[in-house]
Each structure stands twice: as C-alpha cells, then as structure tokens.
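What follows is one structure encoded as structure tokens, with my remarks underneath.
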Amino acid sequence: MTRHTGRGFAAINYPIGMNLGGDPSQALVHSNPDGKFTVALSAIDLGQGMKSVTRQIAAETLGVPIADVYVDTADSDTGPHDMGSFASRGTHRMGNAVIEASLEARSVMLEAAAEELEVDAGDLVTDGQGNIHVRGAPSRSITTMAAAQAAQFKQGRTIAGRGIFLVPLSDVDPETGEMSPVTTFAHAALVVEVTVDDETGEVEVVDIQSAYEVGRALNPGLVEQQLRGGAWMGMSHAAWETTEPYYPARDHGPVDFNHYVMPGPGDLATHHISVLERPAEDGPYGGKGPGEMCANPVLPAVVNAVYDAVGVRIDALPVTPEKVLRGLQANGGARPRQAL
Amino acid sequence: MAKIPVTFTHNGTDRAAFADPGQNLLEFLRRGLGDLSPKYGCGQGACGACTVTIDGQTQLACLVLAETVQGRDVRTAAGLADGATLDPLQEAFMDHFAAQCGYCTPGMLVSARALLDTNPTPTREEVIEAISGNLCRCTGYEPIIEAILSVAGRRATA
Ligand code: FES
Ligand code: FES
C-alpha cells in the first residue's frame, strides 16, 4: 500500500447576483424618536452576516455610530420587497439599496438639524459619533437624537429614506443568445493538496492555499469566516457528501447523519487564505462578497489533485474510495503524474 | 395518560414540572420549561445540537427520558451566562467568529464547558474529541476549536 500525494489547481469567476427577470432589492430606513435608526430589509440573515454588513453600511452612510443602527429582517410579508438571500448577491444588492435609502434619510436629518441650528443644511457634517455640526465649527452642533426629536415633535418631518437597487432584465439577442446576466464578478484561485491511499482508495484533503478577490472586504472577520467555512463545505462536497451515491439508482442513499457523513473537527485540512481587495466600482463601498464562491472551486481542485496523485480522472462527485479504486483498477495501478 | 412529576435542578435553580410519559428531555426543557437553548437537530442522537449536562456529564437531551432527571442537576447553554456577564467561552466564540447560523452553538458551548470543567488545559486533540459529537454546517470547525483553545490558554496549533 502506498499513499500518494497530489496537488490540484482551480480558478473561478463567480457572478454576484443575477438578473433573469430583473434583480431588485429594496431597503427602507427611518429614524426612531430616540435618534436611532431602523433599516428594514427582507433579505434574510442565515449566518452569513447580512445584518452586520448592512448595519455597517447604513451607519457609514448616515454618519451615525454603528450602535445607533438596528437592522430588521424579520418579516418578508411586511418588509420591503427583495429577491432574496441567494446568488451571492446580499452585500452587493442590498448594500447598494441601503446606501440609497440612508442617503435620503440623512438629507432629511440634516435639514431638521439645519432648521434647529439656523444654518444651511449644505454646511452640515456628521462626526459619526452622534453629532451634527457646521463644517469647520464643531461647537455649532446638535446631536442626532436632538435633531430626530425636533423633526418628530416640532417640525413634523419624517426622517426616512427609500432605496432600491435594480439590475433591469437583460434582453437576449435572438441571433447570438448574447445577454448580460450579471453586473459584477468575484474571483478566486486555489491549490489543494491531497493524499490518496492506493489500497483503500481513500482521499484526504490535507492542505488548501487560496486567494479570493471579493471587492472590498467590508467586514474582514466575516469574510474570513465565510471563506473558511465555505472551503470546508467544498471539501465535504468533493470527497464526502452525497444523497444519491449510485445516481440515478436510489439505492444506498443515506437517511440520517450517521450515513450522510461530513468531515468532522478531526478531519480538517489546513487552509491558508489570502483576501485580495479590489473595490468594485458599482459595489457598496466597493464590496462584492464571498458568497457561494467560497465553496465552489474546492471541488475541481480536489479532483485535479487526485488525478495528479494517482492518474485517476474522476468525473462524478463525490470522489469516493470506490470510484478511486475502480479507476486504479482500470489503469492497472497508480500512475502518479509527478513521476511521469 | 397520567403526567409524571419531576423535580430537578435546572441551571442551578430548583424546578418542579410535569413530564408526559415517554417525553424526552429536549422537549421537556423546550416546551415544559421554555428553555429554548438546546436545539432539535435530528432527534436521534446524531448531531449534538441538543447537548446538555446531567450531573456534569454531557448527554444528548433527545435521547434521555425526561422523568429520569428526577433529583439530578441539568445544565444547558442558557445557564452559562451570569446575568449580563457571559461565560468566557461565549466571549471567545464571539471573538473568534465561531458561530454563523448559531444552530450548533449552544451544544458546542455545553460540550466545551464540560471539557474545560474537567480538563482546564486540553490539547487540540482533546478539544476535537470533546466536540466530535457536535455537527456544524457553517464554520468548518476551526474557529470553534480556536475559541475553545483560547479559553484554555493554549495556542491553536495544528
Ligand atoms: S437532536 Fe439530539 S443529537 Fe440531534
Ligand atoms: S454555526 Fe451553523 S451549524 Fe454551526
């Protein structure tokens, strides 16, 4: 028995969002009487950080402390319309909508402050700490809370804003089929190292070196979290998970977590991540987002690494010991590419 | 069917409640006591989302008959914080971005707390062993391992 080591490479261009039918996201922002802001979205946060990132974007645009912004994604029945959390579109689409809504709310907030300070709204700036003051004269200031309360109780203004980001439906050229389904791409490349046991057919992913280009990483901690977890999921799809091991036959399909097996904490590969930041022109503060792209390139890289290790080309996922052994048998044994 | 009276300690507080015959501890805690911190992941002992401790031992609440905790000390993730003061493990999970959807997190925290209570300076292998019954779909485990090791005062080396 020999354990063969192999390396595989894969690269990906990944579309952010899609506009098959148009791709709108709406956001509504309003201030509460205490001068804090609520952002209403129907984009769901399922752990990917939708709330954190839109909260950062709203605070930055409004010019208020992040603690003064609450993001409410509670109910898609009553919230503004959104296509949803999918297609890696969250940061880019909702982020742009939140900027537009926050800009409108900010301008009403500054008008309310200007009326109280008896100055022109165009001369006002925010300090991001909860104060609005005359440019160059920090002592002529009012808190965002006082401005919100003046708007609410004295001036009869609603500090609120509407935002939408829409990529219109792209027509398909009937002659060529050409269309423009996306507006922005993210990119990644990675090298995966595996070992393949030529007696058992077992494949182990031992190391991942990756570079992901995500626009600006608006929340670097969340970006790394997604990339790390996503690569693990990619490795799991590559070599572990399947509901239909003998597709299209349904035999021997797993029925529970004891049979639908994923890599556990003892099966991890080391993963070195490089995040490349190339702020996207049409992204909110340059952000695009890692999204699904964090998992996808791991699969072809693992398959390429298995080919490199033993010369077996697998074309149906996942890479199971059975497929590796059948491939080895057909080839008359392991044929490490590096030895050729 | 007659209800079964159960008196036990729940996160340090004496409680008395009625369990249904055959009811498992997970349902009893969630429906009977309103402690929603243990989660239902599989209901058959394979995911660890329902992990609690009984007399200091980790147990899968979905596999334990509620009536068997009579007189015993049951702890869940909801009992880790002392009011607004979080358990150092909870702080470490935040600092290390060790939760995404959070569904596995209460079970992870209970397993990790039980480990550190008996072994305050575990090795990486011991941490892995302690959470190997807790499935996580989101994080890739590494941030969780690092969070636990950081509380144990050890560096997270492979
Ligand atoms: S719910 Fe108890 S182990 Fe999954
Ligand atoms: S954080 Fe989602 S399952 Fe662990």
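Each chain in the structure tokens gets a letter, A, B, ..., in the order shown, and its residues are numbered from 1; ligands are numbered from 1 in order too.
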| Within 8 Å of ligand 1, counting only C-alpha atoms and all ligand atoms, which protein or nucleic acid residues do you find, written as a ChimeraX atom specification? | /B:26,39-51,60-63,134
| message | Neighbouring residues of A:Gly221 were defined as those with any atom within 12 Å, considering only C-alpha atoms; residues of the same chain fewer than 2 positions away were excluded. Please report them as a PyMOL selection string. | response | (chain A and resi 48-49+52-53+217-219+223-228+275) or (chain B and resi 94-100+143)
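Identified as lying at most 8 Å from ligand 2 when counting only C-alpha atoms and all ligand atoms are the residues Gly47 of chain A; Ala98, Ala99, Gln100, Cys101, Gly102, Tyr103, Cys104, Thr105, Leu135, Cys136, Arg137, Cys138, Thr139 and Tyr141 of chain B.
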Now that the selection is made, can you save its residues with N, CA, C and O atoms as a short mmCIF file (atom, residue, chain, number, x, y, z; two decimals), in the first residue's frame?
data_model
loop_
_atom_site.label_atom_id
_atom_site.label_comp_id
_atom_site.auth_asym_id
_atom_site.auth_seq_id
_atom_site.Cartn_x
_atom_site.Cartn_y
_atom_site.Cartn_z
N GLY A 47 -26.79 33.62 8.88
CA GLY A 47 -25.47 33.38 9.46
C GLY A 47 -24.36 33.93 8.61
O GLY A 47 -23.21 33.96 9.02
N ALA B 98 -16.88 32.21 15.88
CA ALA B 98 -17.09 30.76 15.92
C ALA B 98 -18.55 30.36 15.74
O ALA B 98 -18.89 29.19 15.93
N ALA B 99 -19.42 31.31 15.42
CA ALA B 99 -20.81 30.97 15.12
C ALA B 99 -21.25 31.70 13.85
O ALA B 99 -20.89 32.85 13.64
N GLN B 100 -21.98 30.99 13.01
CA GLN B 100 -22.59 31.66 11.86
C GLN B 100 -24.11 31.59 12.03
O GLN B 100 -24.71 32.52 12.54
N CYS B 101 -24.75 30.49 11.62
CA CYS B 101 -26.19 30.41 11.84
C CYS B 101 -26.50 30.25 13.32
O CYS B 101 -27.57 30.61 13.78
N GLY B 102 -25.56 29.68 14.08
CA GLY B 102 -25.72 29.55 15.51
C GLY B 102 -26.47 28.33 15.98
O GLY B 102 -26.63 28.12 17.18
N TYR B 103 -26.91 27.49 15.05
CA TYR B 103 -27.75 26.36 15.47
C TYR B 103 -26.97 25.34 16.30
O TYR B 103 -27.49 24.75 17.25
N CYS B 104 -25.70 25.16 15.98
CA CYS B 104 -24.89 24.20 16.73
C CYS B 104 -24.32 24.81 18.00
O CYS B 104 -23.80 24.08 18.86
N THR B 105 -24.36 26.15 18.10
CA THR B 105 -23.58 26.85 19.12
C THR B 105 -23.92 26.46 20.56
O THR B 105 -23.00 26.20 21.35
N LEU B 135 -22.24 18.38 15.38
CA LEU B 135 -22.07 18.75 13.97
C LEU B 135 -22.23 20.25 13.77
O LEU B 135 -23.07 20.88 14.40
N CYS B 136 -21.41 20.81 12.89
CA CYS B 136 -21.57 22.19 12.49
C CYS B 136 -21.53 22.26 10.96
O CYS B 136 -20.63 21.70 10.34
N ARG B 137 -22.50 22.93 10.38
CA ARG B 137 -22.59 23.03 8.93
C ARG B 137 -21.86 24.26 8.38
O ARG B 137 -21.60 24.33 7.19
N CYS B 138 -21.60 25.23 9.25
CA CYS B 138 -21.21 26.55 8.73
C CYS B 138 -19.74 26.89 8.88
O CYS B 138 -19.15 27.48 7.97
N THR B 139 -19.14 26.59 10.02
CA THR B 139 -17.87 27.25 10.36
C THR B 139 -16.64 26.52 9.87
O THR B 139 -15.56 27.09 9.85
N TYR B 141 -15.42 24.26 11.64
CA TYR B 141 -14.91 23.85 12.97
C TYR B 141 -13.69 24.62 13.46
O TYR B 141 -13.51 24.79 14.67
#
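Proximity to B:Ser132 at 8 Å, evaluated using only C-alpha atoms and with sequence-adjacent residues fewer than 6 positions away removed, yields Gly264, Pro265 and Gly266 of chain A.
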| Looking only at the backbone, which of the residues in stretch 4-151 of chain B does DSSP tag as strand (DSSP E or B), as a ChimeraX atom specification? | /B:4-10,13-19,24,51-54,57-60,65,73-75,82,85
Can I get the selection written as a compact mmCIF listing (two decimals), in the first residue's frame, with N, CA, C and O atoms?
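Final output, part.txt:
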# COMPACT_ATOMS: atom_id res chain seq x y z
N ILE B 4 -46.15 12.89 34.78
CA ILE B 4 -45.18 12.45 35.77
C ILE B 4 -44.51 13.68 36.39
O ILE B 4 -43.91 14.47 35.67
N PRO B 5 -44.61 13.85 37.72
CA PRO B 5 -43.96 14.99 38.35
C PRO B 5 -42.44 14.76 38.40
O PRO B 5 -41.99 13.66 38.72
N VAL B 6 -41.70 15.81 38.03
CA VAL B 6 -40.23 15.71 38.04
C VAL B 6 -39.69 16.92 38.79
O VAL B 6 -40.03 18.06 38.46
N THR B 7 -38.89 16.67 39.81
CA THR B 7 -38.20 17.77 40.47
C THR B 7 -36.72 17.59 40.23
O THR B 7 -36.18 16.48 40.34
N PHE B 8 -36.08 18.68 39.84
CA PHE B 8 -34.66 18.60 39.49
C PHE B 8 -34.07 20.00 39.53
O PHE B 8 -34.79 20.98 39.78
N THR B 9 -32.78 20.11 39.29
CA THR B 9 -32.14 21.41 39.25
C THR B 9 -31.89 21.78 37.80
O THR B 9 -31.33 20.98 37.05
N HIS B 10 -32.34 22.97 37.42
CA HIS B 10 -32.18 23.43 36.04
C HIS B 10 -31.32 24.69 36.08
O HIS B 10 -31.75 25.72 36.60
N THR B 13 -31.22 26.23 39.49
CA THR B 13 -32.47 26.58 40.17
C THR B 13 -33.32 25.33 40.36
O THR B 13 -33.45 24.53 39.43
N ASP B 14 -33.91 25.19 41.55
CA ASP B 14 -34.80 24.05 41.78
C ASP B 14 -36.07 24.23 40.96
O ASP B 14 -36.69 25.27 41.00
N ARG B 15 -36.45 23.19 40.24
CA ARG B 15 -37.65 23.27 39.42
C ARG B 15 -38.51 22.04 39.67
O ARG B 15 -37.99 20.95 39.94
N ALA B 16 -39.82 22.23 39.54
CA ALA B 16 -40.75 21.10 39.58
C ALA B 16 -41.69 21.26 38.39
O ALA B 16 -42.23 22.34 38.19
N ALA B 17 -41.82 20.21 37.60
CA ALA B 17 -42.69 20.31 36.42
C ALA B 17 -43.23 18.92 36.10
O ALA B 17 -42.72 17.92 36.59
N PHE B 18 -44.27 18.90 35.28
CA PHE B 18 -44.83 17.62 34.86
C PHE B 18 -44.31 17.24 33.49
O PHE B 18 -44.34 18.04 32.56
N ALA B 19 -43.85 16.00 33.39
CA ALA B 19 -43.44 15.47 32.09
C ALA B 19 -44.51 14.52 31.59
O ALA B 19 -45.20 13.88 32.38
N ASN B 24 -39.16 13.12 25.88
CA ASN B 24 -37.72 13.21 26.05
C ASN B 24 -37.33 14.53 26.69
O ASN B 24 -38.12 15.48 26.75
N THR B 51 -27.24 19.03 23.08
CA THR B 51 -26.36 18.64 24.19
C THR B 51 -26.63 19.45 25.47
O THR B 51 -26.70 20.67 25.43
N VAL B 52 -26.76 18.72 26.58
CA VAL B 52 -26.89 19.34 27.92
C VAL B 52 -25.94 18.55 28.84
O VAL B 52 -25.37 17.54 28.43
N THR B 53 -25.77 19.03 30.08
CA THR B 53 -25.08 18.17 31.02
C THR B 53 -26.06 17.73 32.10
O THR B 53 -26.97 18.48 32.49
N ILE B 54 -25.90 16.48 32.51
CA ILE B 54 -26.65 15.94 33.64
C ILE B 54 -25.62 15.47 34.66
O ILE B 54 -24.77 14.63 34.33
N GLN B 57 -22.11 15.45 33.30
CA GLN B 57 -21.77 14.64 32.12
C GLN B 57 -22.55 15.13 30.91
O GLN B 57 -23.75 15.38 31.02
N THR B 58 -21.90 15.24 29.75
CA THR B 58 -22.66 15.64 28.57
C THR B 58 -23.60 14.51 28.16
O THR B 58 -23.23 13.33 28.19
N GLN B 59 -24.81 14.92 27.79
CA GLN B 59 -25.83 13.96 27.35
C GLN B 59 -26.59 14.57 26.19
O GLN B 59 -26.70 15.79 26.09
N LEU B 60 -27.14 13.71 25.34
CA LEU B 60 -27.99 14.19 24.25
C LEU B 60 -29.43 14.19 24.75
O LEU B 60 -30.02 13.13 24.99
N LEU B 65 -34.93 10.16 28.64
CA LEU B 65 -36.31 10.28 29.10
C LEU B 65 -36.39 11.37 30.16
O LEU B 65 -35.61 11.37 31.12
N ASP B 73 -28.98 17.21 38.37
CA ASP B 73 -28.55 18.58 38.08
C ASP B 73 -28.40 18.72 36.55
O ASP B 73 -27.47 18.16 35.96
N VAL B 74 -29.34 19.44 35.94
CA VAL B 74 -29.33 19.59 34.48
C VAL B 74 -28.87 20.99 34.12
O VAL B 74 -29.35 21.98 34.68
N ARG B 75 -27.90 21.09 33.23
CA ARG B 75 -27.41 22.41 32.79
C ARG B 75 -27.45 22.51 31.27
O ARG B 75 -27.15 21.55 30.57
N ASP B 82 -23.92 34.63 33.52
CA ASP B 82 -24.40 35.05 34.82
C ASP B 82 -25.02 36.43 34.61
O ASP B 82 -24.32 37.44 34.61
N THR B 85 -23.28 38.98 32.34
CA THR B 85 -21.88 38.59 32.24
C THR B 85 -21.77 37.23 31.56
O THR B 85 -22.26 36.23 32.08
| task | Write down as a ChimeraX atom specification the residues belonging to chain B that are assigned helix (DSSP H, G or I) by DSSP computed on the backbone. | result | /B:25-32,61-63,66-69,77-79,88-95,105-118,124-130,142-151
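Atom to atom, atom CA of A:Ala67 and atom CA of A:Thr144 stand 12.9 Å apart.
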| Separation of atom CA of A:Ala146 and atom CA of A:Glu115, in Å? | 11.7 Å
Do you know which residues are at most 8 Å from A:Glu202 counting only C-alpha atoms, after dropping those on the same chain fewer than 3 positions away, and could you put them as a PDB file with C-alpha atoms, in the first residue's frame?
ATOM      1  CA  VAL A 196      -4.643   9.079  -1.950  1.00  0.00           C
ATOM      2  CA  ASP A 197      -4.300   5.623  -0.477  1.00  0.00           C
ATOM      3  CA  ASP A 198      -3.996   3.192  -3.401  1.00  0.00           C
ATOM      4  CA  THR A 320     -15.461   8.108  -3.141  1.00  0.00           C
ATOM      5  CA  PRO A 321     -12.968   5.345  -2.357  1.00  0.00           C
ATOM      6  CA  VAL A 324     -10.823   5.800  -6.935  1.00  0.00           C
TER       7      VAL A 324
END
| Between atom CA of A:Ala97 and atom CA of A:Thr158, what is the spacing in Å? | 19.1 Å
